[in-house]
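Student: Contents of structure.cif (mmCIF, C-alpha atoms and all ligand atoms) are given next:
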data_input
#
loop_
_atom_site.label_atom_id
_atom_site.label_comp_id
_atom_site.auth_asym_id
_atom_site.auth_seq_id
_atom_site.Cartn_x
_atom_site.Cartn_y
_atom_site.Cartn_z
CA MET A 23 27.36 3.23 -24.60
CA THR A 24 28.55 6.52 -23.08
CA ASN A 25 30.25 7.75 -26.26
CA VAL A 26 27.18 7.41 -28.46
CA PRO A 27 25.83 10.80 -29.58
CA VAL A 28 22.34 11.47 -28.26
CA ASP A 29 19.31 13.24 -29.70
CA VAL A 30 17.48 13.51 -26.39
CA VAL A 31 18.88 13.63 -22.86
CA VAL A 32 17.10 11.44 -20.35
CA SER A 33 17.81 12.93 -16.95
CA GLU A 34 17.29 10.41 -14.17
CA VAL A 35 15.66 11.87 -11.07
CA GLY A 36 14.82 8.64 -9.22
CA PRO A 37 17.43 8.97 -6.47
CA ARG A 38 15.98 12.44 -5.70
CA ASP A 39 12.33 12.75 -6.76
CA GLY A 40 11.79 9.01 -6.41
CA LEU A 41 13.23 8.55 -2.95
CA GLN A 42 11.95 11.79 -1.44
CA ASN A 43 8.39 10.51 -1.52
CA ILE A 44 9.07 7.21 0.20
CA LYS A 45 8.83 7.20 3.98
CA ARG A 46 11.76 4.84 4.60
CA ALA A 47 15.24 5.81 3.48
CA MET A 48 17.16 3.77 0.95
CA PRO A 49 20.48 2.88 2.63
CA THR A 50 23.31 5.11 1.39
CA ASP A 51 25.41 2.27 -0.02
CA GLN A 52 22.42 1.06 -2.03
CA LYS A 53 21.79 4.56 -3.40
CA ILE A 54 25.41 4.67 -4.52
CA ARG A 55 25.11 1.23 -6.10
CA TRP A 56 21.94 2.30 -7.89
CA VAL A 57 23.50 5.49 -9.25
CA ALA A 58 26.50 3.50 -10.49
CA ALA A 59 24.20 1.00 -12.22
CA LEU A 60 22.24 3.82 -13.87
CA ALA A 61 25.49 5.28 -15.15
CA GLU A 62 26.49 1.85 -16.38
CA ALA A 63 23.22 1.73 -18.37
CA GLY A 64 24.20 4.97 -20.13
CA LEU A 65 22.41 7.65 -18.11
CA ARG A 66 24.58 10.77 -18.33
CA GLU A 67 22.61 13.07 -16.09
CA ILE A 68 21.56 11.81 -12.68
CA GLU A 69 19.92 13.88 -9.95
CA VAL A 70 21.31 11.99 -7.00
CA GLY A 71 19.70 13.75 -4.05
CA SER A 72 18.60 17.02 -2.53
CA PHE A 73 20.12 19.42 -0.06
CA VAL A 74 16.93 20.24 1.75
CA SER A 75 16.13 20.39 5.45
CA PRO A 76 17.06 16.95 6.86
CA LYS A 77 14.42 17.50 9.54
CA LEU A 78 11.74 17.63 6.84
CA LEU A 79 13.22 14.96 4.58
CA PRO A 80 15.53 12.57 6.45
CA GLN A 81 15.60 10.36 3.32
CA MET A 82 17.90 12.97 1.74
CA ALA A 83 20.18 13.52 4.73
CA ASP A 84 23.02 11.57 3.07
CA ALA A 85 23.11 13.77 -0.06
CA GLU A 86 26.74 14.79 0.56
CA GLU A 87 27.94 11.20 0.57
CA VAL A 88 25.93 10.23 -2.50
CA VAL A 89 27.14 13.27 -4.47
CA ARG A 90 30.74 12.57 -3.53
CA ALA A 91 30.46 8.95 -4.69
CA ALA A 92 28.60 9.88 -7.90
CA SER A 93 31.23 12.49 -8.77
CA ARG A 94 33.81 9.75 -9.04
CA ILE A 95 31.90 8.04 -11.88
CA PRO A 96 33.40 9.17 -15.19
CA GLY A 97 31.10 10.74 -17.76
CA VAL A 98 28.17 11.43 -15.42
CA VAL A 99 26.82 14.91 -14.81
CA VAL A 100 25.85 14.94 -11.13
CA LEU A 101 22.79 17.02 -10.33
CA ALA A 102 21.34 17.80 -6.93
CA LEU A 103 18.36 19.85 -5.88
CA ALA A 104 18.76 22.80 -3.55
CA PRO A 105 15.84 24.96 -2.44
CA ASN A 106 17.89 27.82 -1.04
CA LEU A 107 21.36 29.30 -0.63
CA LYS A 108 22.16 27.05 2.29
CA GLY A 109 21.33 23.97 0.23
CA ALA A 110 23.41 25.28 -2.68
CA GLU A 111 26.39 25.84 -0.39
CA ARG A 112 26.13 22.24 0.77
CA ALA A 113 25.82 21.06 -2.85
CA VAL A 114 28.89 23.03 -3.92
CA ALA A 115 30.93 21.70 -1.00
CA ALA A 116 29.96 18.14 -1.92
CA GLY A 117 31.06 18.66 -5.54
CA VAL A 118 27.95 18.71 -7.73
CA ASP A 119 28.14 19.61 -11.41
CA THR A 120 24.66 21.13 -11.59
CA ILE A 121 22.36 22.63 -9.00
CA THR A 122 18.64 22.36 -9.72
CA MET A 123 16.34 24.74 -7.88
CA PRO A 124 12.55 24.43 -7.66
CA VAL A 125 10.50 27.61 -8.01
CA SER A 126 6.77 27.06 -7.66
CA ALA A 127 4.30 28.94 -9.79
CA SER A 128 1.50 28.08 -7.37
CA ARG A 129 1.68 30.31 -4.29
CA GLU A 130 0.08 27.67 -2.12
CA HIS A 131 2.53 25.00 -3.23
CA SER A 132 5.45 27.38 -2.84
CA MET A 133 4.50 28.09 0.78
CA ALA A 134 3.84 24.44 1.57
CA ASN A 135 6.98 23.12 -0.10
CA LEU A 136 9.56 25.85 0.44
CA ARG A 137 7.98 28.15 3.04
CA MET A 138 8.67 30.97 0.59
CA THR A 139 6.62 32.97 -1.89
CA PRO A 140 7.57 32.47 -5.57
CA GLU A 141 9.26 35.90 -5.47
CA GLU A 142 11.34 34.84 -2.45
CA ALA A 143 12.31 31.66 -4.29
CA VAL A 144 13.51 33.80 -7.22
CA GLU A 145 15.64 35.77 -4.73
CA GLN A 146 17.23 32.49 -3.64
CA VAL A 147 18.05 31.77 -7.30
CA ARG A 148 19.76 35.17 -7.52
CA LYS A 149 21.83 34.41 -4.41
CA VAL A 150 22.83 30.98 -5.71
CA ARG A 151 23.86 32.56 -9.03
CA ARG A 152 26.15 34.88 -7.10
CA LEU A 153 27.56 31.94 -5.16
CA CYS A 154 28.28 30.05 -8.41
CA ASP A 155 29.86 33.11 -10.03
CA GLU A 156 32.18 33.68 -7.09
CA LEU A 157 33.54 30.14 -7.04
CA PRO A 158 37.25 30.26 -7.70
CA SER A 159 37.52 26.93 -9.46
CA LYS A 160 34.86 24.59 -10.73
CA LYS A 161 32.05 26.01 -12.84
CA ILE A 162 28.68 24.84 -11.60
CA ARG A 163 25.59 24.96 -13.76
CA LEU A 164 22.37 26.37 -12.33
CA GLU A 165 19.05 25.05 -13.59
CA VAL A 166 15.53 25.83 -12.40
CA GLY A 167 12.31 23.87 -12.81
CA ILE A 168 9.07 25.81 -12.48
CA SER A 169 7.03 23.48 -10.24
CA THR A 170 3.23 23.20 -10.60
CA ALA A 171 3.58 24.85 -14.03
CA PHE A 172 0.56 22.95 -15.37
CA GLY A 173 -1.70 23.09 -12.33
CA CYS A 174 -1.54 22.46 -8.61
CA SER A 175 -3.29 19.99 -6.33
CA LEU A 176 -3.46 22.64 -3.59
CA GLN A 177 -4.37 25.76 -5.54
CA GLY A 178 -5.99 24.28 -8.65
CA LEU A 179 -5.49 26.32 -11.80
CA VAL A 180 -2.17 28.09 -12.36
CA SER A 181 -2.13 30.97 -14.84
CA GLU A 182 -0.01 30.20 -17.91
CA SER A 183 0.97 33.84 -18.36
CA TRP A 184 2.21 33.90 -14.74
CA VAL A 185 4.27 30.75 -15.38
CA MET A 186 5.94 32.50 -18.33
CA GLU A 187 6.48 35.69 -16.34
CA LEU A 188 8.06 33.67 -13.55
CA ALA A 189 10.27 31.75 -16.00
CA VAL A 190 11.58 35.07 -17.34
CA LEU A 191 12.23 36.36 -13.79
CA VAL A 192 14.12 33.19 -12.96
CA ALA A 193 16.24 33.44 -16.12
CA LYS A 194 17.01 37.08 -15.31
CA ALA A 195 18.00 36.01 -11.79
CA GLY A 196 20.70 33.84 -13.36
CA ALA A 197 19.36 30.39 -14.16
CA GLU A 198 21.10 28.96 -17.21
CA SER A 199 18.12 26.82 -18.04
CA VAL A 200 14.47 27.01 -16.96
CA GLY A 201 12.22 23.98 -17.40
CA LEU A 202 8.58 23.30 -16.69
CA SER A 203 7.52 20.72 -14.12
CA ASP A 204 4.16 19.03 -13.92
CA THR A 205 4.42 18.39 -10.20
CA ALA A 206 0.80 17.28 -9.85
CA GLY A 207 0.51 15.35 -13.12
CA TYR A 208 -2.26 17.64 -14.38
CA ALA A 209 -0.79 18.44 -17.81
CA ASN A 210 -2.25 17.41 -21.15
CA PRO A 211 -0.44 17.29 -24.51
CA THR A 212 -2.17 20.36 -25.98
CA GLN A 213 -1.17 22.46 -22.98
CA VAL A 214 2.34 21.00 -22.96
CA LYS A 215 2.96 21.88 -26.59
CA ARG A 216 1.55 25.38 -26.15
CA MET A 217 3.55 26.12 -23.01
CA PHE A 218 6.91 24.75 -24.14
CA THR A 219 6.51 26.59 -27.45
CA GLN A 220 5.84 29.79 -25.51
CA LEU A 221 8.75 29.08 -23.15
CA LYS A 222 11.10 28.78 -26.12
CA ARG A 223 9.75 32.08 -27.47
CA GLU A 224 10.40 33.78 -24.12
CA LEU A 225 13.75 32.22 -23.23
CA GLY A 226 15.35 30.92 -26.44
CA ASP A 227 18.28 28.64 -25.58
CA LYS A 228 17.52 28.87 -21.87
CA ALA A 229 14.26 26.95 -22.30
CA GLY A 230 14.93 23.77 -20.34
CA ALA A 231 13.73 20.33 -19.40
CA ALA A 232 10.29 18.79 -19.19
CA HIS A 233 9.49 17.11 -15.89
CA PHE A 234 6.30 15.08 -15.96
CA HIS A 235 4.48 13.11 -13.28
CA ASN A 236 2.19 10.33 -14.36
CA THR A 237 -0.70 10.80 -11.91
CA TYR A 238 -3.33 10.63 -14.66
CA GLY A 239 -1.34 8.43 -17.04
CA GLN A 240 -0.64 11.29 -19.47
CA GLY A 241 3.13 11.38 -19.00
CA LEU A 242 4.34 9.79 -22.24
CA ALA A 243 1.69 11.57 -24.33
CA ASN A 244 3.03 14.78 -22.81
CA VAL A 245 6.56 13.75 -23.80
CA VAL A 246 5.53 13.42 -27.45
CA ALA A 247 3.91 16.87 -27.30
CA ALA A 248 7.02 18.36 -25.71
CA LEU A 249 9.21 16.77 -28.41
CA ASP A 250 7.02 18.54 -30.96
CA ALA A 251 7.77 21.80 -29.18
CA GLY A 252 11.52 21.12 -29.42
CA VAL A 253 12.25 19.92 -25.87
CA LYS A 254 15.51 17.99 -25.72
CA THR A 255 15.80 17.00 -22.05
CA PHE A 256 13.31 14.89 -20.12
CA ASP A 257 13.36 13.99 -16.45
CA ALA A 258 12.24 10.50 -15.57
CA SER A 259 12.43 8.16 -12.61
CA GLN A 260 13.36 4.51 -12.70
CA GLY A 261 10.41 2.37 -11.69
CA GLY A 262 8.20 5.46 -11.81
CA LEU A 263 8.93 6.34 -8.19
CA GLY A 264 8.46 9.93 -7.17
CA GLY A 265 6.27 12.76 -6.09
CA CYS A 266 6.47 15.90 -4.06
CA PRO A 267 5.62 15.32 -0.39
CA TYR A 268 3.94 18.75 -0.45
CA ALA A 269 1.79 18.13 -3.55
CA PRO A 270 -0.98 15.89 -2.16
CA GLY A 271 -2.29 13.25 -4.55
CA ALA A 272 0.58 13.41 -7.01
CA THR A 273 2.12 10.10 -7.96
CA GLY A 274 5.46 9.22 -9.51
CA ASN A 275 7.42 10.54 -12.45
CA ILE A 276 7.27 9.06 -15.91
CA VAL A 277 9.11 5.74 -15.93
CA THR A 278 12.67 5.92 -17.26
CA GLU A 279 12.52 2.47 -18.82
CA ASP A 280 9.33 3.31 -20.75
CA LEU A 281 10.61 6.75 -21.77
CA VAL A 282 13.82 5.29 -23.18
CA PHE A 283 11.79 2.70 -25.07
CA LEU A 284 9.49 5.39 -26.49
CA LEU A 285 12.36 7.60 -27.62
CA GLU A 286 14.45 4.80 -29.12
CA SER A 287 11.37 3.42 -30.92
CA MET A 288 10.78 6.87 -32.40
CA GLY A 289 14.34 6.89 -33.75
CA LEU A 290 15.72 9.25 -31.13
CA ARG A 291 19.05 8.21 -29.67
CA THR A 292 19.33 8.25 -25.87
CA GLY A 293 22.63 6.39 -25.42
CA ILE A 294 20.89 4.14 -22.89
CA ASP A 295 20.94 0.35 -22.90
CA LEU A 296 17.53 -1.00 -21.86
CA GLU A 297 18.80 -4.36 -20.66
CA ARG A 298 21.30 -2.70 -18.33
CA LEU A 299 18.64 -0.26 -17.22
CA LEU A 300 16.42 -3.18 -16.22
CA GLU A 301 19.38 -4.60 -14.27
CA ALA A 302 19.60 -1.33 -12.34
CA ARG A 303 15.90 -1.64 -11.48
CA LYS A 304 16.68 -4.81 -9.54
CA ILE A 305 18.67 -2.73 -7.07
CA ILE A 306 15.55 -0.79 -6.07
CA ILE A 307 13.67 -4.06 -5.58
CA GLU A 308 16.48 -5.34 -3.35
CA ALA A 309 16.98 -2.11 -1.42
CA LEU A 310 13.30 -1.26 -0.93
CA PRO A 311 11.55 -4.63 -0.76
CA GLY A 312 7.82 -4.44 -1.36
CA GLU A 313 7.93 -0.92 -2.79
CA GLN A 314 5.45 -0.48 -5.64
CA LEU A 315 7.30 0.08 -8.93
CA TYR A 316 5.70 1.02 -12.23
CA GLY A 317 6.36 0.53 -15.91
CA HIS A 318 5.48 -1.56 -18.91
CA VAL A 319 8.79 -2.41 -20.55
CA SER A 320 9.91 -4.12 -17.36
CA ASN A 321 6.96 -6.54 -17.55
CA THR A 322 7.76 -7.94 -20.96
CA GLU A 323 10.47 -8.55 -23.52
CA LEU A 324 11.66 -6.07 -26.10
CA PRO A 325 9.62 -6.46 -29.30
CA LYS A 326 10.90 -8.90 -31.88
CA GLY A 327 13.07 -6.96 -34.28
CA PHE A 328 13.59 -4.04 -31.89
CA VAL A 329 16.67 -2.02 -32.75
CA TYR A 330 18.15 0.98 -31.03
CA ALA A 331 17.86 4.30 -32.83
CA SER A 332 21.64 4.45 -33.17
CA ALA A 333 21.54 1.27 -35.23
CA THR A 334 18.88 2.29 -37.70
CA ASP A 335 17.29 5.14 -39.57
CA ARG A 336 13.72 5.20 -38.26
CA SER A 337 12.83 8.34 -40.14
CA VAL A 338 12.23 6.21 -43.23
CA PRO A 339 9.79 3.28 -43.33
CA VAL A 340 11.37 -0.19 -43.15
N1 LIG B 1 19.80 22.24 4.26
C1 LIG B 1 19.91 21.96 5.57
N2 LIG B 1 19.41 22.73 6.56
C2 LIG B 1 18.74 23.84 6.16
C3 LIG B 1 18.60 24.18 4.81
C4 LIG B 1 19.13 23.33 3.83
N3 LIG B 1 19.01 23.58 2.54
N4 LIG B 1 17.90 25.32 4.74
C5 LIG B 1 17.63 25.70 5.99
N5 LIG B 1 18.15 24.80 6.86
C6 LIG B 1 18.09 24.83 8.32
C7 LIG B 1 18.52 26.18 8.87
O1 LIG B 1 19.91 26.21 9.05
C8 LIG B 1 17.77 26.22 10.18
O2 LIG B 1 18.43 25.37 11.10
P1 LIG B 1 18.37 25.65 12.69
O3 LIG B 1 16.94 25.48 13.07
O4 LIG B 1 19.27 24.58 13.23
O5 LIG B 1 18.88 27.03 12.82
C9 LIG B 1 16.44 25.55 9.83
O6 LIG B 1 16.72 24.70 8.72
C10 LIG B 1 15.35 26.54 9.45
O7 LIG B 1 15.85 27.42 8.45
P2 LIG B 1 14.92 28.33 7.54
O8 LIG B 1 15.76 29.08 6.57
O9 LIG B 1 14.00 29.13 8.44
O10 LIG B 1 14.12 27.26 6.73
P3 LIG B 1 12.59 26.91 6.75
O11 LIG B 1 12.23 26.19 7.99
O12 LIG B 1 11.82 28.12 6.35
O13 LIG B 1 12.54 25.83 5.55
C11 LIG B 1 13.41 25.04 3.45
C12 LIG B 1 12.86 26.22 4.24
C13 LIG B 1 13.45 25.44 2.01
C14 LIG B 1 14.78 24.66 3.97
C15 LIG B 1 12.47 23.82 3.66
O14 LIG B 1 11.15 24.20 3.45
C16 LIG B 1 12.81 22.67 2.73
O15 LIG B 1 13.82 22.00 2.91
N6 LIG B 1 11.95 22.42 1.75
C17 LIG B 1 12.17 21.41 0.72
C18 LIG B 1 11.07 20.40 0.73
C19 LIG B 1 11.36 19.39 -0.36
O16 LIG B 1 12.37 18.73 -0.37
N7 LIG B 1 10.43 19.26 -1.31
C20 LIG B 1 10.58 18.36 -2.42
C21 LIG B 1 11.57 18.82 -3.42
S1 LIG B 1 11.03 20.18 -4.38
ZN ZN B 2 8.83 15.92 -9.53
#
Would you write the structure of this file as structure tokens?
Tutor:
Amino acid sequence: MTNVPVDVVVSEVGPRDGLQNIKRAMPTDQKIRWVAALAEAGLREIEVGSFVSPKLLPQMADAEEVVRAASRIPGVVVLALAPNLKGAERAVAAGVDTITMPVSASREHSMANLRMTPEEAVEQVRKVRRLCDELPSKKIRLEVGISTAFGCSLQGLVSESWVMELAVLVAKAGAESVGLSDTAGYANPTQVKRMFTQLKRELGDKAGAAHFHNTYGQGLANVVAALDAGVKTFDASQGGLGGCPYAPGATGNIVTEDLVFLLESMGLRTGIDLERLLEARKIIIEALPGEQLYGHVSNTELPKGFVYASATDRSVPV
């Protein structure tokens, strides 16, 4: 289904956000198998790992190998997270298409997660921009997600005007797209709509992806609110794995399978085949036996009469 035009991009972050919060490491060959199966299901953007300190996160120590393998899959944009220039250099050497950098709005989370202030994290973005600009050959895209944009489990409230100020600083430092991440899962739909609308006002075309965690079960409601505010890219994790090891209490991302179902049901084309996606889920079960996975679509059959958005016009009543 990779040639189908899409209305909304579902960006899979399971191999990064999902696996970073699990103590044991998924074996490298299984990660590669999983990424290939996700691509087979129609996912076009996959965040396959992170170039962070392997001492802090040994689960991500094989990021080079996973990126190299993922880059060989045709039609997939390979993303990897890098927190600093060193991580970005590793990502570039491995051959990523897009570098994603986290910049925390919460000072406490920023220090716990990156050992940097938000301002220092913006400086890292500036350095990585320079690195990307100086590359002789391949053009690499630089995206930033503002972590804890909707509240923080360390600091509590995070000022919305500061989030917007930070987003503007990050864009000025050279990010091509700046999204908002609900690292703790604190967001509600009213806030989501207000903040993404404001983000669009501040950044125009550089307003980026929504990244929601489902700690309080508000993830898909937040997706609908973000759609209303014009968001076109959503991060999600297969099986709902995920969470930041430095955001205590946060649980996994919104579940890719359920997100795809929601979007397709609403008449928004994702280019993703749900049956194949559910096949890919089996790889996690095999590779991480006993790991708690989440989701609703995976527990049942597709509704009688279900049709993909590409096969119907859902904007008019049947
Ligand atoms: N990849 C690999 N090694 C790295 C690295 C990277 N991206 N960045 C720094 N290092 C190494 C340095 O080379 C140095 O190694 P040495 O001790 O052998 O000389 C060591 O780590 C310390 O470097 P420093 O720059 O002082 O880093 P730090 O200890 O202040 O840690 C981060 C900063 C950003 C690297 C670390 O906090 C980190 O990896 N955080 C990410 C946590 C995470 O993954 N959170 C979830 C995703 S948002
Ligand atoms: Zn996350």
Student: Can you pull out every residue within 10 Å of stretch 224-232 of chain A, counting all atoms listed in the file, but drop anything in the same chain fewer than 4 positions away, and send it as a PyMOL selection string?
Tutor: chain A and resi 31-33+165-168+186-187+189-190+193-194+197-204+214+218-220+244-245+248-249+252-258
Student: So which residues touch stretch 91-94 of chain A within 7 Å, counting all atoms listed in the file, skipping near sequence neighbours fewer than 5 positions away, as a PyMOL selection string?
Tutor: chain A and resi 54+57+100+117
Student: Chain A near ligand LIG 1 (chain B) within 7 Å: what's each residue's closest atom pair and its distance in Å to one decimal, counting only C-alpha atoms and all ligand atoms, ordered by chain then ascending residue number, as JSON lines?
Tutor:
{"residue": "A:Asp39", "atom": "CA", "partner": "B:LIG1", "partner_atom": "C21", "distance": 7.0}
{"residue": "A:Gln42", "atom": "CA", "partner": "B:LIG1", "partner_atom": "C20", "distance": 6.8}
{"residue": "A:Ser72", "atom": "CA", "partner": "B:LIG1", "partner_atom": "O16", "distance": 6.8}
{"residue": "A:Phe73", "atom": "CA", "partner": "B:LIG1", "partner_atom": "N3", "distance": 5.0}
{"residue": "A:Val74", "atom": "CA", "partner": "B:LIG1", "partner_atom": "O15", "distance": 3.8}
{"residue": "A:Ser75", "atom": "CA", "partner": "B:LIG1", "partner_atom": "O15", "distance": 3.8}
{"residue": "A:Pro76", "atom": "CA", "partner": "B:LIG1", "partner_atom": "C1", "distance": 5.9}
{"residue": "A:Leu78", "atom": "CA", "partner": "B:LIG1", "partner_atom": "O15", "distance": 6.2}
{"residue": "A:Leu79", "atom": "CA", "partner": "B:LIG1", "partner_atom": "O16", "distance": 6.3}
{"residue": "A:Ala104", "atom": "CA", "partner": "B:LIG1", "partner_atom": "N3", "distance": 6.1}
{"residue": "A:Pro105", "atom": "CA", "partner": "B:LIG1", "partner_atom": "C13", "distance": 5.1}
{"residue": "A:Asn106", "atom": "CA", "partner": "B:LIG1", "partner_atom": "N3", "distance": 5.7}
{"residue": "A:Leu107", "atom": "CA", "partner": "B:LIG1", "partner_atom": "N3", "distance": 6.9}
{"residue": "A:Lys108", "atom": "CA", "partner": "B:LIG1", "partner_atom": "N3", "distance": 4.7}
{"residue": "A:Gly109", "atom": "CA", "partner": "B:LIG1", "partner_atom": "N3", "distance": 3.3}
{"residue": "A:Pro124", "atom": "CA", "partner": "B:LIG1", "partner_atom": "S1", "distance": 5.6}
{"residue": "A:Asn135", "atom": "CA", "partner": "B:LIG1", "partner_atom": "C18", "distance": 5.0}
{"residue": "A:Leu136", "atom": "CA", "partner": "B:LIG1", "partner_atom": "O14", "distance": 3.8}
{"residue": "A:Arg137", "atom": "CA", "partner": "B:LIG1", "partner_atom": "O12", "distance": 5.1}
{"residue": "A:Cys266", "atom": "CA", "partner": "B:LIG1", "partner_atom": "C20", "distance": 5.1}
{"residue": "A:Pro267", "atom": "CA", "partner": "B:LIG1", "partner_atom": "C20", "distance": 6.2}
{"residue": "A:Tyr268", "atom": "CA", "partner": "B:LIG1", "partner_atom": "N7", "distance": 6.6}
Student: Using all atoms listed in the file, which of A:Leu176, A:Val98, A:Leu103, A:Ala251 sits nearest A:Ala63?
Tutor: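 Using all atoms listed in the file, the shortest distance to A:Ala63 belongs to A:Val98.
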Student: Find the spatial neighbours of A:Leu191, counting only C-alpha atoms, within a cut-off of 10 Å - ignore same-chain residues fewer than 4 positions away - and output them as an MDAnalysis selection string.
Tutor: chainID A and resid 141 144:145 147:148 185:187 195:197
Student: Please produce a file of those selected residues containing C-alpha atoms, as an mmCIF file, keeping the file's coordinate frame.
Tutor:
data_model
loop_
_atom_site.group_PDB
_atom_site.id
_atom_site.type_symbol
_atom_site.label_atom_id
_atom_site.label_comp_id
_atom_site.auth_asym_id
_atom_site.auth_seq_id
_atom_site.Cartn_x
_atom_site.Cartn_y
_atom_site.Cartn_z
ATOM 1 C CA GLU A 141 9.260 35.900 -5.470
ATOM 2 C CA VAL A 144 13.510 33.800 -7.220
ATOM 3 C CA GLU A 145 15.640 35.770 -4.730
ATOM 4 C CA VAL A 147 18.050 31.770 -7.300
ATOM 5 C CA ARG A 148 19.760 35.170 -7.520
ATOM 6 C CA VAL A 185 4.270 30.750 -15.380
ATOM 7 C CA MET A 186 5.940 32.500 -18.330
ATOM 8 C CA GLU A 187 6.480 35.690 -16.340
ATOM 9 C CA ALA A 195 18.000 36.010 -11.790
ATOM 10 C CA GLY A 196 20.700 33.840 -13.360
ATOM 11 C CA ALA A 197 19.360 30.390 -14.160
#
Student: Show me which residues are within 7 Å of ligand ZN 2 (chain B) counting all atoms listed in the file, and format the list as an MDAnalysis selection string.
Tutor: chainID A and resid 39 203 205 233:235 264:266 275
Student: Of the candidates A:Val329, A:Glu279, A:Glu313, A:Trp184, which one gets nearest to A:Met48 if we count all atoms listed in the file?
Tutor: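 Selected residue with least distance to A:Met48: A:Glu313.
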Student: Take atom CA of A:Gln240 and atom CA of A:Thr278 and report the distance between them in Å, one decimal.
Tutor: 14.5 Å
Student: For A:Phe283, which residue among A:Leu242, A:Ile121, A:Val89, A:Ile305 is the nearest when counting only C-alpha atoms?
Tutor: A:Leu242
Student: Since the input has fewer atoms than a full residue there, write stretch 59-72 of chain A out with N, CA, C and O atoms, as a PDB file, in the coordinates of the input.
Tutor:
ATOM      1  N   ALA A  59      24.848   1.884 -11.229  1.00  0.00           N
ATOM      2  CA  ALA A  59      24.200   1.000 -12.220  1.00  0.00           C
ATOM      3  C   ALA A  59      23.479   1.820 -13.289  1.00  0.00           C
ATOM      4  O   ALA A  59      23.464   1.446 -14.468  1.00  0.00           O
ATOM      5  N   LEU A  60      22.897   2.934 -12.888  1.00  0.00           N
ATOM      6  CA  LEU A  60      22.240   3.820 -13.870  1.00  0.00           C
ATOM      7  C   LEU A  60      23.274   4.375 -14.844  1.00  0.00           C
ATOM      8  O   LEU A  60      23.049   4.432 -16.054  1.00  0.00           O
ATOM      9  N   ALA A  61      24.412   4.758 -14.297  1.00  0.00           N
ATOM     10  CA  ALA A  61      25.490   5.280 -15.150  1.00  0.00           C
ATOM     11  C   ALA A  61      25.967   4.191 -16.107  1.00  0.00           C
ATOM     12  O   ALA A  61      26.196   4.436 -17.295  1.00  0.00           O
ATOM     13  N   GLU A  62      26.074   3.003 -15.587  1.00  0.00           N
ATOM     14  CA  GLU A  62      26.490   1.850 -16.380  1.00  0.00           C
ATOM     15  C   GLU A  62      25.523   1.615 -17.556  1.00  0.00           C
ATOM     16  O   GLU A  62      25.914   1.217 -18.645  1.00  0.00           O
ATOM     17  N   ALA A  63      24.251   1.905 -17.321  1.00  0.00           N
ATOM     18  CA  ALA A  63      23.220   1.730 -18.370  1.00  0.00           C
ATOM     19  C   ALA A  63      23.277   2.848 -19.412  1.00  0.00           C
ATOM     20  O   ALA A  63      22.613   2.769 -20.435  1.00  0.00           O
ATOM     21  N   GLY A  64      24.047   3.900 -19.131  1.00  0.00           N
ATOM     22  CA  GLY A  64      24.200   4.970 -20.130  1.00  0.00           C
ATOM     23  C   GLY A  64      23.565   6.295 -19.733  1.00  0.00           C
ATOM     24  O   GLY A  64      23.618   7.254 -20.510  1.00  0.00           O
ATOM     25  N   LEU A  65      22.961   6.369 -18.561  1.00  0.00           N
ATOM     26  CA  LEU A  65      22.410   7.650 -18.110  1.00  0.00           C
ATOM     27  C   LEU A  65      23.585   8.619 -17.888  1.00  0.00           C
ATOM     28  O   LEU A  65      24.530   8.286 -17.182  1.00  0.00           O
ATOM     29  N   ARG A  66      23.477   9.821 -18.478  1.00  0.00           N
ATOM     30  CA  ARG A  66      24.580  10.770 -18.330  1.00  0.00           C
ATOM     31  C   ARG A  66      24.273  11.878 -17.347  1.00  0.00           C
ATOM     32  O   ARG A  66      25.154  12.633 -16.956  1.00  0.00           O
ATOM     33  N   GLU A  67      22.998  12.055 -17.074  1.00  0.00           N
ATOM     34  CA  GLU A  67      22.610  13.070 -16.090  1.00  0.00           C
ATOM     35  C   GLU A  67      21.826  12.359 -15.007  1.00  0.00           C
ATOM     36  O   GLU A  67      20.812  11.723 -15.293  1.00  0.00           O
ATOM     37  N   ILE A  68      22.278  12.466 -13.774  1.00  0.00           N
ATOM     38  CA  ILE A  68      21.560  11.810 -12.680  1.00  0.00           C
ATOM     39  C   ILE A  68      21.416  12.794 -11.515  1.00  0.00           C
ATOM     40  O   ILE A  68      22.416  13.340 -11.031  1.00  0.00           O
ATOM     41  N   GLU A  69      20.170  13.025 -11.124  1.00  0.00           N
ATOM     42  CA  GLU A  69      19.920  13.880  -9.950  1.00  0.00           C
ATOM     43  C   GLU A  69      19.960  12.952  -8.745  1.00  0.00           C
ATOM     44  O   GLU A  69      19.064  12.133  -8.547  1.00  0.00           O
ATOM     45  N   VAL A  70      21.026  13.056  -7.969  1.00  0.00           N
ATOM     46  CA  VAL A  70      21.310  11.990  -7.000  1.00  0.00           C
ATOM     47  C   VAL A  70      20.761  12.270  -5.609  1.00  0.00           C
ATOM     48  O   VAL A  70      20.806  11.394  -4.739  1.00  0.00           O
ATOM     49  N   GLY A  71      20.248  13.470  -5.381  1.00  0.00           N
ATOM     50  CA  GLY A  71      19.700  13.750  -4.050  1.00  0.00           C
ATOM     51  C   GLY A  71      19.319  15.208  -3.944  1.00  0.00           C
ATOM     52  O   GLY A  71      19.349  15.956  -4.931  1.00  0.00           O
ATOM     53  N   SER A  72      18.935  15.606  -2.726  1.00  0.00           N
ATOM     54  CA  SER A  72      18.600  17.020  -2.530  1.00  0.00           C
ATOM     55  C   SER A  72      19.150  17.513  -1.209  1.00  0.00           C
ATOM     56  O   SER A  72      19.208  16.779  -0.219  1.00  0.00           O
TER      57      SER A  72
END
